[in-house]
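Only one structure is covered here, and it is reproduced in the block below.
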Amino acid sequence: MKQAILGKKIGMTQVFREDGTMIPVTVVLAGPCPVTQIKTVDHDGYSAVQMAFLPVREKLITKPEAGHLKKAGVEAHRYVKEFRLDDCGQYKIGDVIKADVFAKGERVDVTGMSKGKGFEGTIKRWNQSRGRKTHGSHSYRVTGSLGACTYPGEVFRTKRMPGHMGHERITVQNLEVIRTDAERNLLLIKGAIPGANGGLVLVKSTIK
């Protein structure tokens with residue numbers, strides 16, 4: 001059955017299997033996530049479960065958000081997201097989703113915002129080659145020629161050029177849950193996941 005939860009990336013560490021094999025893992029603070037709304041096909045056109053994460057002071061969220069959470073009987077939270085699950089009827093408003101929705105050995109997809117790199121050139125951004133350091137050339141890391149001098153005589157929209165790099169929504173699929181700690185709301189997921197420490201992540205049952 002499909003499950004999902006909101007979490008915060010804590011950092012990376014390593015654990016050992018029974019046979020002594022070392023496994024790099026990412027520690028995720030998963031939940032607790034109170035359910036704030038149940039969307040149905042009859043009322044909303046689709047079925048989904050909306051949940052909140054990371055309690056904050058009420059003054060740090062907007063008045064519409066505060067009113068929406070107050071109506072559901074939930075205190076102010078920083079994040080509110082919804083997930084389309086297979087069986088949304090298993091939840092009701094006020095239920096709390098914890099890290100134990102996932103078990104050891106399950107496969108999950110993790111979505112997060114990648115680290116921002118700022119404005120970068122084509123070599124770092126697109127892995128292009130530098131210019132030749134011969135015959136007095138000083139064009140080492142510049143973009144180079146962009147368009148043809150004949151028809152159509154323009155730079156195409158998809159041309160790879162310098163620009164903003166990183167800070168993109170990225171999903172890493174089919175990662176293994178190594179350990180679940182429901183008491184401390186922790187998930188240990190094998191390998192690396194997108195984003196910096198402290199960033200919001202969405203953990204969902206894998207689609208593959």
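Chain labels run A, B, ... following the order of the structure tokens; each chain numbers its residues from 1, and ligands are numbered from 1 in the order shown.
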Can you write out as JSON lines which residues of segment 59-133 of chain A fall within 9 Å of segment 34-54 of chain A, alongside each residue's closest atom pair and its distance in Å to one decimal, counting only C-alpha atoms and ordering rows by chain and ascending residue number?
{"residue": "A:His68", "atom": "CA", "partner": "A:Thr36", "partner_atom": "CA", "distance": 8.1}
{"residue": "A:Leu69", "atom": "CA", "partner": "A:Thr36", "partner_atom": "CA", "distance": 6.5}
{"residue": "A:Lys71", "atom": "CA", "partner": "A:Thr36", "partner_atom": "CA", "distance": 8.6}
{"residue": "A:Ala72", "atom": "CA", "partner": "A:Thr36", "partner_atom": "CA", "distance": 5.4}
{"residue": "A:Gly73", "atom": "CA", "partner": "A:Thr36", "partner_atom": "CA", "distance": 8.0}
{"residue": "A:Val74", "atom": "CA", "partner": "A:Thr36", "partner_atom": "CA", "distance": 7.0}
{"residue": "A:Ala76", "atom": "CA", "partner": "A:Leu54", "partner_atom": "CA", "distance": 8.5}
{"residue": "A:His77", "atom": "CA", "partner": "A:Leu54", "partner_atom": "CA", "distance": 5.3}
{"residue": "A:Arg78", "atom": "CA", "partner": "A:Leu54", "partner_atom": "CA", "distance": 5.5}
{"residue": "A:Tyr79", "atom": "CA", "partner": "A:Phe53", "partner_atom": "CA", "distance": 5.2}
{"residue": "A:Val80", "atom": "CA", "partner": "A:Ala52", "partner_atom": "CA", "distance": 4.3}
{"residue": "A:Lys81", "atom": "CA", "partner": "A:Gln50", "partner_atom": "CA", "distance": 5.6}
{"residue": "A:Glu82", "atom": "CA", "partner": "A:Gln50", "partner_atom": "CA", "distance": 3.9}
{"residue": "A:Phe83", "atom": "CA", "partner": "A:Val49", "partner_atom": "CA", "distance": 5.3}
{"residue": "A:Arg84", "atom": "CA", "partner": "A:Ala48", "partner_atom": "CA", "distance": 4.3}
{"residue": "A:Leu85", "atom": "CA", "partner": "A:Ala48", "partner_atom": "CA", "distance": 6.2}
{"residue": "A:Asp86", "atom": "CA", "partner": "A:Ser47", "partner_atom": "CA", "distance": 8.6}
{"residue": "A:Asp87", "atom": "CA", "partner": "A:Ser47", "partner_atom": "CA", "distance": 8.6}
{"residue": "A:Cys88", "atom": "CA", "partner": "A:Val49", "partner_atom": "CA", "distance": 6.1}
{"residue": "A:Gly89", "atom": "CA", "partner": "A:Ile38", "partner_atom": "CA", "distance": 8.2}
{"residue": "A:Tyr91", "atom": "CA", "partner": "A:Val35", "partner_atom": "CA", "distance": 7.6}
{"residue": "A:Lys92", "atom": "CA", "partner": "A:Ile38", "partner_atom": "CA", "distance": 6.8}
{"residue": "A:Ile93", "atom": "CA", "partner": "A:Val35", "partner_atom": "CA", "distance": 5.1}
{"residue": "A:Gly94", "atom": "CA", "partner": "A:Val35", "partner_atom": "CA", "distance": 5.2}
{"residue": "A:Asp95", "atom": "CA", "partner": "A:Val35", "partner_atom": "CA", "distance": 5.4}
{"residue": "A:Val96", "atom": "CA", "partner": "A:Pro34", "partner_atom": "CA", "distance": 4.2}
{"residue": "A:Ile97", "atom": "CA", "partner": "A:Pro34", "partner_atom": "CA", "distance": 6.1}
{"residue": "A:Lys98", "atom": "CA", "partner": "A:Pro34", "partner_atom": "CA", "distance": 8.8}
Selected residue, from A:Ile207, A:Ala30, A:Gly199, A:Thr171, that lies nearest to Arg184 of chain A when counting only C-alpha atoms: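 Using only C-alpha atoms, Arg184 of chain A sits closest to A:Ala30.
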Separation of atom CA of Lys8 of chain A from atom CA of Phe102 of chain A in Å: 15.7 Å
Atomic distance atom CA of Pro194 of chain A - atom CA of Val110 of chain A, expressed in Å with one decimal: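 According to the coordinates, atom CA of Pro194 of chain A and atom CA of Val110 of chain A are separated by 7.8 Å.
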In chain A, DSSP alpha helix (DSSP H) residues written as an NGL selection string: :A and (41-44 or 63-71 or 122-126)
